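What follows is the content of protein.cif, which has mmCIF, C-alpha atoms:
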```
data_target
loop_
_atom_site.label_atom_id
_atom_site.label_comp_id
_atom_site.auth_asym_id
_atom_site.auth_seq_id
_atom_site.Cartn_x
_atom_site.Cartn_y
_atom_site.Cartn_z
CA MET A 131 81.17 89.18 98.67
CA GLU A 132 80.65 85.44 98.53
CA THR A 133 83.79 85.17 96.48
CA HIS A 134 85.79 86.86 99.22
CA ILE A 135 84.43 84.52 101.87
CA ARG A 136 85.53 81.51 99.86
CA TYR A 137 89.10 82.80 99.93
CA THR A 138 89.19 83.03 103.74
CA HIS A 139 92.64 82.02 105.00
CA LYS A 140 93.85 81.74 101.40
CA ALA A 141 97.44 82.60 102.33
CA LEU A 142 97.53 79.85 104.95
CA VAL A 143 95.91 77.38 102.59
CA GLU A 144 98.39 78.13 99.83
CA LYS A 145 101.36 77.80 102.16
CA SER A 146 99.91 74.56 103.48
CA LYS A 147 99.63 73.27 99.93
CA SER A 148 103.37 73.66 99.57
CA GLY A 149 103.91 71.68 102.78
CA ASP A 150 104.52 74.61 105.14
CA ARG A 151 104.08 72.89 108.50
CA ASN A 152 103.62 76.16 110.37
CA ALA A 153 100.75 77.19 108.08
CA GLN A 154 99.20 73.74 108.44
CA TYR A 155 99.36 74.08 112.21
CA GLN A 156 97.72 77.51 112.08
CA LEU A 157 94.85 76.09 110.01
CA TYR A 158 94.57 73.22 112.45
CA GLU A 159 94.40 75.64 115.37
CA LEU A 160 91.64 77.59 113.66
CA TYR A 161 89.41 74.62 112.94
CA VAL A 162 90.22 71.80 115.32
CA ASP A 163 87.62 72.63 117.98
CA ALA A 164 84.83 73.09 115.45
CA MET A 165 85.68 69.79 113.79
CA TYR A 166 86.00 68.00 117.10
CA ASN A 167 82.55 69.22 118.13
CA ILE A 168 81.08 67.91 114.88
CA GLY A 169 82.73 64.58 115.60
CA MET A 170 81.32 64.52 119.10
CA ARG A 171 77.81 65.41 117.93
CA PHE A 172 77.79 62.53 115.48
CA LEU A 173 79.78 59.89 117.30
CA ARG A 174 79.36 60.87 120.98
CA VAL A 175 82.51 58.97 121.89
CA LYS A 176 85.60 61.04 122.60
CA GLU A 177 88.14 58.56 121.19
CA GLU A 178 86.17 57.99 118.02
CA ALA A 179 85.69 61.72 117.48
CA GLU A 180 89.42 62.28 117.96
CA ASP A 181 90.29 59.57 115.44
CA ILE A 182 87.94 61.05 112.88
CA VAL A 183 89.29 64.57 113.37
CA GLN A 184 92.87 63.38 113.07
CA ASP A 185 92.15 61.40 109.92
CA SER A 186 90.24 64.32 108.45
CA PHE A 187 93.08 66.79 108.94
CA VAL A 188 95.61 64.34 107.54
CA ASP A 189 93.41 63.72 104.49
CA ALA A 190 92.78 67.43 104.07
CA PHE A 191 96.48 68.35 104.15
CA LYS A 192 97.42 65.47 101.87
CA ASN A 193 94.74 66.37 99.35
CA LEU A 194 94.90 70.12 99.66
CA ASP A 195 95.97 70.49 96.03
CA GLY A 196 92.47 69.37 95.12
CA PHE A 197 90.93 72.25 97.06
CA LYS A 198 90.04 74.91 94.47
CA TYR A 199 88.14 77.44 96.60
CA GLU A 200 84.74 76.25 95.46
CA SER A 201 83.79 76.69 99.12
CA THR A 202 85.64 77.99 102.17
CA PHE A 203 88.41 75.83 103.51
CA GLY A 204 86.32 75.38 106.66
CA ALA A 205 83.33 74.12 104.70
CA TRP A 206 85.54 71.76 102.70
CA LEU A 207 87.14 70.39 105.86
CA LYS A 208 83.78 70.08 107.59
CA ARG A 209 82.48 68.00 104.71
CA ILE A 210 85.46 65.67 105.07
CA VAL A 211 84.76 65.27 108.81
CA ILE A 212 81.05 64.68 108.28
CA ASN A 213 81.63 62.14 105.50
CA LYS A 214 84.04 60.28 107.74
CA CYS A 215 81.57 60.36 110.63
CA ILE A 216 78.77 58.99 108.46
CA ASN A 217 81.01 56.26 107.03
CA HIS A 218 82.17 55.39 110.51
CA LEU A 219 78.60 55.08 111.70
CA LYS A 220 77.75 52.94 108.70
CA THR A 221 80.58 50.56 109.51
CA LYS A 222 79.23 50.34 113.04
CA ARG A 223 76.01 49.21 111.42
CA LEU A 224 74.04 51.99 112.97
CA ASN A 225 71.30 52.10 110.44
CA LEU A 226 69.67 55.36 109.69
CA THR A 227 66.02 55.40 110.62
CA THR A 228 64.12 53.37 108.11
CA ILE A 229 61.78 55.56 106.20
CA ALA A 230 60.02 52.99 104.06
CA ASP A 231 57.01 52.96 106.36
CA HIS A 232 56.71 56.71 106.28
CA GLU A 233 57.01 57.43 102.57
CA TYR A 234 53.40 58.61 102.48
CA HIS A 235 54.39 61.54 104.66
CA LEU A 236 56.56 63.03 101.96
CA THR A 237 53.81 65.14 100.52
CA GLU A 238 52.39 66.03 103.87
CA GLU A 239 52.53 69.63 104.91
CA VAL A 240 54.33 69.82 108.17
CA LYS A 241 52.44 72.17 110.34
CA GLU A 242 54.56 74.88 111.89
CA GLU A 243 54.09 74.67 115.57
CA ALA A 244 54.50 77.57 117.94
CA TYR A 245 57.58 76.44 119.83
CA GLU A 246 58.57 78.34 122.90
CA PRO A 247 62.20 79.38 122.84
CA ALA A 248 63.80 76.29 124.31
CA ASP A 249 66.66 76.15 126.74
CA ILE A 250 69.67 75.33 124.53
CA ARG A 251 71.01 72.92 127.15
CA LYS A 252 67.74 71.00 126.95
CA VAL A 253 67.94 70.97 123.15
CA ARG A 254 71.49 69.57 123.30
CA LYS A 255 70.41 66.88 125.73
CA GLY A 256 67.33 66.14 123.61
CA ILE A 257 69.43 65.71 120.45
CA GLU A 258 71.65 63.23 122.27
CA GLU A 259 68.62 61.18 123.19
CA LEU A 260 67.31 60.98 119.63
CA PRO A 261 67.60 57.68 117.73
CA PRO A 262 70.84 57.71 115.68
CA GLY A 263 69.23 58.26 112.26
CA TYR A 264 67.12 61.15 113.53
CA ARG A 265 70.08 62.65 115.33
CA GLU A 266 72.23 62.63 112.22
CA ILE A 267 69.73 64.26 109.96
CA LEU A 268 68.78 66.84 112.58
CA ASN A 269 72.43 67.67 113.21
CA LEU A 270 73.10 68.02 109.51
CA TYR A 271 70.19 70.35 108.91
CA LEU A 272 69.75 72.30 112.10
CA ILE A 273 73.26 72.54 113.50
CA GLU A 274 75.59 72.11 110.50
CA GLY A 275 73.34 74.14 108.23
CA TYR A 276 73.17 71.87 105.16
CA ASP A 277 70.09 71.98 102.96
CA HIS A 278 68.15 68.84 102.09
CA ILE A 279 69.82 68.43 98.70
CA GLU A 280 73.23 68.44 100.37
CA ILE A 281 72.05 66.09 103.09
CA GLY A 282 70.70 63.77 100.41
CA GLY A 283 74.20 63.74 98.87
CA ILE A 284 75.87 63.04 102.19
CA LEU A 285 73.52 60.29 103.31
CA GLY A 286 72.80 58.84 99.90
CA ILE A 287 69.08 59.54 100.05
CA SER A 288 66.78 61.82 98.11
CA ALA A 289 66.21 65.41 99.16
CA SER A 290 62.52 64.71 99.84
CA THR A 291 63.43 61.78 102.07
CA SER A 292 65.84 64.01 103.92
CA LYS A 293 63.10 66.59 104.40
CA SER A 294 60.63 64.04 105.67
CA GLN A 295 63.16 62.48 108.02
CA TYR A 296 64.13 65.83 109.38
CA HIS A 297 60.58 66.84 110.26
CA ARG A 298 60.04 63.57 112.08
CA ALA A 299 63.31 64.06 113.93
CA LYS A 300 62.38 67.58 114.91
CA LYS A 301 58.97 66.49 116.17
CA LYS A 302 60.61 63.77 118.24
CA LEU A 303 63.10 66.26 119.62
CA VAL A 304 60.39 68.63 120.75
CA GLU A 305 58.65 65.76 122.52
CA ILE A 306 61.85 64.82 124.31
CA ILE A 307 62.56 68.41 125.33
CA GLN A 308 59.09 68.73 126.85
CA HIS A 309 59.86 65.81 129.14
CA ILE A 310 63.25 66.99 130.23
CA MET B 270 61.92 77.97 109.13
CA ASP B 271 59.92 78.10 112.33
CA ASN B 272 60.75 79.84 115.57
CA PHE B 273 62.25 76.70 117.09
CA GLU B 274 64.69 76.34 114.19
CA LYS B 275 65.49 80.05 114.20
CA HIS B 276 66.17 79.92 117.93
CA ILE B 277 68.60 77.02 117.50
CA ARG B 278 70.34 78.54 114.50
CA GLN B 279 70.77 81.82 116.34
CA ASN B 280 72.38 79.96 119.23
CA ARG B 281 74.42 77.67 117.02
CA ALA B 282 77.67 78.46 118.86
CA ALA B 283 76.20 77.10 122.10
CA PHE B 284 76.37 73.61 120.61
CA ASP B 285 80.16 73.65 120.45
CA VAL B 286 80.80 72.66 124.03
CA HIS B 287 83.77 70.34 123.62
CA LYS B 288 87.43 71.24 123.61
CA ALA B 289 89.83 69.12 121.64
CA ASP B 290 93.09 67.91 123.12
CA ARG B 291 95.01 70.01 120.62
CA ALA B 292 98.55 68.90 121.42
CA LYS B 293 97.72 65.21 121.32
CA LEU B 294 95.73 65.43 118.10
CA TRP B 295 98.37 67.54 116.36
CA ALA B 296 101.13 65.15 117.36
CA ASN B 297 99.18 62.31 115.72
CA ILE B 298 98.37 64.38 112.64
CA GLU B 299 101.95 65.55 112.18
CA GLY B 300 103.18 62.01 112.54
CA GLN B 301 101.12 61.03 109.51
CA LEU B 302 102.16 63.94 107.34
CA GLU B 303 105.22 63.80 105.11
CA PRO B 304 108.34 65.33 106.63
CA VAL B 305 108.80 68.98 105.75
CA LYS B 306 111.00 69.30 102.69
CA PRO B 307 113.94 71.68 103.04
CA LYS B 308 113.24 75.04 101.49
CA SER B 309 114.84 75.26 98.08
CA ILE B 310 115.11 78.01 95.53
CA PRO B 311 114.44 76.63 92.08
CA LEU B 312 117.71 77.02 90.17
CA TRP B 313 115.94 77.89 86.97
CA ARG B 314 114.77 81.13 88.59
CA LEU B 315 118.34 82.50 88.77
CA PRO B 316 119.06 84.40 85.53
CA LEU B 317 122.70 83.32 85.31
CA LEU B 318 121.88 79.66 85.77
CA ARG B 319 118.97 79.99 83.40
CA ALA B 320 121.38 81.27 80.73
CA ALA B 321 123.78 78.44 81.52
CA ALA B 322 120.95 75.96 81.24
CA VAL B 323 119.96 77.39 77.85
CA ALA B 324 123.57 77.13 76.68
CA LEU B 325 123.78 73.54 77.85
CA LEU B 326 120.51 72.78 76.16
CA LEU B 327 121.74 74.31 72.92
CA LEU B 328 124.91 72.27 73.10
CA GLY B 329 122.86 69.18 73.73
CA VAL B 330 120.54 69.92 70.84
CA THR B 331 123.50 70.68 68.61
CA GLY B 332 125.02 67.38 69.55
CA LEU B 333 121.83 65.68 68.51
CA ILE B 334 121.38 67.43 65.17
CA GLY B 335 124.40 67.29 62.95
CA ILE B 336 127.10 68.62 65.26
CA PRO B 337 127.92 71.79 63.34
CA PHE B 338 130.05 73.17 66.18
CA ILE B 339 132.23 70.10 66.19
CA THR B 340 132.74 70.40 62.47
CA GLU B 341 133.93 73.93 63.00
CA ASP B 342 136.23 72.79 65.76
CA ARG B 343 137.77 70.31 63.36
CA ASN B 344 138.42 73.18 60.93
CA ALA B 345 139.89 75.15 63.80
CA ASP B 346 142.11 72.22 64.70
CA PHE B 347 143.21 71.91 61.12
CA VAL B 348 144.05 75.60 60.79
CA SER B 349 145.70 75.86 64.16
CA GLN B 350 147.76 72.82 63.29
CA GLU B 351 148.93 74.64 60.15
CA LEU B 352 149.74 77.71 62.19
CA GLN B 353 151.56 75.62 64.76
CA ASP B 354 153.72 74.11 62.03
CA ILE B 355 154.56 77.58 60.72
CA ASP B 356 155.29 78.82 64.25
CA MET B 357 157.54 75.89 64.97
CA HIS B 358 159.49 76.38 61.81
CA TYR B 359 159.92 80.15 61.91
CA GLN B 360 159.97 80.85 65.65
CA GLY B 361 163.04 78.67 66.08
CA LEU B 362 164.78 80.43 63.24
CA VAL B 363 163.85 83.91 64.47
CA SER B 364 164.81 83.33 68.07
CA TYR B 365 168.12 81.82 66.98
CA HIS B 366 168.93 84.86 64.89
CA VAL B 367 167.74 87.30 67.53
CA LYS B 368 170.09 85.66 70.01
CA LEU B 369 172.89 86.00 67.49
CA VAL B 370 172.18 89.70 67.19
CA GLU B 371 171.88 90.18 70.95
CA SER B 372 175.17 88.46 71.61
CA ASN B 373 176.99 90.14 68.79
CA GLN B 374 179.81 92.24 70.20
CA GLN B 375 180.31 94.30 67.09
CA LEU B 376 176.86 95.89 67.31
CA SER B 377 176.41 98.95 69.47
CA GLU B 378 173.60 98.97 72.03
CA GLU B 379 171.89 101.61 69.98
CA ASP B 380 171.87 99.43 66.87
CA LYS B 381 170.64 96.46 68.90
CA GLN B 382 167.77 98.48 70.39
CA GLU B 383 166.83 99.78 66.98
CA PHE B 384 166.81 96.28 65.57
CA LEU B 385 164.85 94.88 68.52
CA SER B 386 162.26 97.66 68.27
CA PHE B 387 161.67 96.60 64.68
CA MET B 388 161.26 93.08 65.87
CA ASP B 389 158.80 94.25 68.55
CA GLU B 390 156.72 95.94 65.89
CA LEU B 391 156.66 92.74 63.91
CA ASP B 392 155.73 90.88 67.11
CA LYS B 393 152.71 93.15 67.57
CA GLU B 394 151.69 92.62 63.98
CA TYR B 395 152.05 88.89 64.48
CA GLU B 396 149.76 88.97 67.56
CA GLU B 397 147.14 90.89 65.62
CA LEU B 398 147.32 88.35 62.83
CA ARG B 399 146.87 85.54 65.32
CA LEU B 400 143.73 87.24 66.67
CA GLU B 401 142.51 87.68 63.14
CA MET B 402 143.11 83.98 62.57
CA ARG B 403 140.81 83.23 65.53
CA ASN B 404 138.01 85.20 63.87
CA ASN B 405 138.75 83.94 60.36
CA LEU B 406 139.75 80.41 60.98
CA ASP B 407 139.96 79.40 57.36
CA ASN B 408 141.46 82.62 56.05
CA GLN B 409 144.47 81.64 53.97
CA LEU B 410 145.36 85.30 53.39
CA VAL B 411 145.88 85.84 57.10
CA LEU B 412 147.97 82.71 57.28
CA GLN B 413 150.08 83.99 54.40
CA ALA B 414 150.46 87.33 56.18
CA ILE B 415 151.79 85.50 59.23
CA VAL B 416 154.33 83.69 57.09
CA ASN B 417 155.34 87.01 55.52
CA ASN B 418 155.71 88.50 59.00
CA TYR B 419 158.15 85.77 59.90
CA LYS B 420 160.00 86.12 56.62
CA LYS B 421 160.37 89.86 57.14
CA ARG B 422 161.92 89.28 60.56
CA ILE B 423 164.33 86.75 59.18
CA GLU B 424 165.14 89.05 56.29
CA LEU B 425 165.85 91.87 58.73
CA ILE B 426 168.08 89.64 60.76
CA GLU B 427 169.85 88.26 57.70
CA ASN B 428 170.48 91.77 56.39
CA LEU B 429 171.85 92.81 59.69
CA LEU B 430 174.04 89.77 59.98
CA GLU B 431 175.20 90.21 56.39
CA GLN B 432 176.23 93.77 57.15
CA LEU B 433 178.07 92.57 60.21
CA ASN B 434 179.84 89.89 58.19
CA GLU B 435 180.86 92.43 55.59
CA GLN B 436 182.25 94.67 58.30
CA LYS B 437 184.05 91.69 59.75
CA ILE B 438 185.58 90.80 56.36
CA ASP B 439 186.62 94.39 55.90
CA ASN B 440 188.16 94.42 59.33
CA ASP B 441 189.88 91.11 58.66
CA ASP B 442 191.26 92.48 55.41
CA ASP B 443 192.50 95.54 57.17
CA TYR B 444 193.96 93.39 59.84
CA GLY B 445 195.67 91.14 57.28
CA TYR B 446 196.82 94.03 55.36
CA THR B 447 198.45 95.39 58.46
CA LEU B 448 200.09 92.04 59.04
#
```

Is it possible to express this structure as structure tokens?
Amino acid sequence: METHIRYTHKALVEKSKSGDRNAQYQLYELYVDAMYNIGMRFLRVKEEAEDIVQDSFVDAFKNLDGFKYESTFGAWLKRIVINKCINHLKTKRLNLTTIADHEYHLTEEVKEEAYEPADIRKVRKGIEELPPGYREILNLYLIEGYDHIEIGGILGISASTSKSQYHRAKKKLVEIIQHI
Amino acid sequence: MDNFEKHIRQNRAAFDVHKADRAKLWANIEGQLEPVKPKSIPLWRLPLLRAAAVALLLLGVTGLIGIPFITEDRNADFVSQELQDIDMHYQGLVSYHVKLVESNQQLSEEDKQEFLSFMDELDKEYEELRLEMRNNLDNQLVLQAIVNNYKKRIELIENLLEQLNEQKIDNDDDYGYTL
């Protein structure tokens, strides 16, 4: 089953590999909104998100020969967009939340709290108000669905650091939501 | 995963609230992509051209390793040159004599046709020998057969002309005798 999912849009991908502009456009149509929303979640600036999405599609189409169906095309493209977003943020010198002071929390059990189902609009607003480092890690885990090992790879941190950061970000988010 | 996380994951789609300016973005993307190459059918996929390519390749390889075909061509040139010499020599003779026979007034049309039908038969034999020469380029026996074919024609013509001359002498004698 998983194998079949990985080959989603295979015909379009293969045509795009051979430079079929129509197939490339169809792939673009399928994924542009999703990728643009990722860009907006990370960068929050329309023009910057647009630039990242454009660059990501161009890179994807130019390097499509390297795509070997190890994931879905969508997942592959999403990783390109996210990597570009993170690099962009790094160049803007938006440091991820320093974790050095919180290393001792790594082995702490994070108590599961009984959250009331939150209004999604409040959650969205709360995420926007998070400090940049928290926002990134929360987006990656909660919205984009990466696990902590993958997040570690994307952000260049260890999986345990990612886990610790995420729980702090989530706690902060809940606090913000309660005040909205 | 706690209830808060589950709630967010279940409503994941509600986080995609933005719409991209599709036309503008695509225009910029397309501008950075290489122009679409014209659709082409690889020539090597066509069987006829594939065969031609193989032939060309063989010729090329042959040219690189010892040129056996060219050597054969030289033999062919040599033999055909020999045949050309024979043709030149005998064809002139034969056609000259044939014209003599055709223009001879003493021969009846019947005799001429009979003679020419013999010549036609020898022509056919000659063509067959030429074809045989193409298959057996260095066959001296075939070459000899061609020479014999020519000789037979000339012999036929000479015999015929000799007979005519004898008749003529006889007629002349008769004529003189009368005088």

Q | Counting only C-alpha atoms, the option among A:Leu219, A:Ala289, A:Ile168, A:Ala205 closest to chain B | A | A:Ile168

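Near Phe284 of chain B, within 10 Å and counting only C-alpha atoms, sit Ala164, Asn167, Ile168, Arg171, Ile250, Arg251, Val253, Arg254 and Ile273 of chain A; Ile277 and Arg278 of chain B, not including residues fewer than 6 positions from it in the same chain.
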
Q) Once you count only C-alpha atoms, which residues of chain B turn out to be within 6 Å of chain A? Could you give them as JSON, numbers by chain? A) {"B": [273, 285, 287, 288, 289, 298]}

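Computed from the coordinates, the atom CA of Trp295 of chain B to atom CA of Arg136 of chain A distance equals 25.1 Å.
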
Q. Care to translate the PyMOL selection byres ((chain B and resi 427) around 12) into actual residues of this file, as JSON, numbers by chain?
A. {"B": [362, 363, 365, 366, 367, 369, 370, 384, 420, 421, 422, 423, 424, 425, 426, 428, 429, 430, 431, 432, 433, 434, 435]}

Q.
List as a count of residues only the protein and nucleic acid residues near Glu383 of chain B, meaning an atom at most 12 Å away when all atoms listed in the file are counted, but skip any in the same chain fewer than 3 places from it.
A. 15

Q: Measure the distance from atom CA of Ile216 of chain A to atom CA of Glu177 of chain A in Å and round it to one decimal.
A: 15.8 Å

Q: Quick one: everything within 12 Å of Glu396 of chain B, counting all atoms listed in the file, minus sequence neighbours fewer than 6 positions away in the same chain. Send it as a PyMOL selection string.
A: chain B and resi 389-390+402-403+411+414-415+418-419
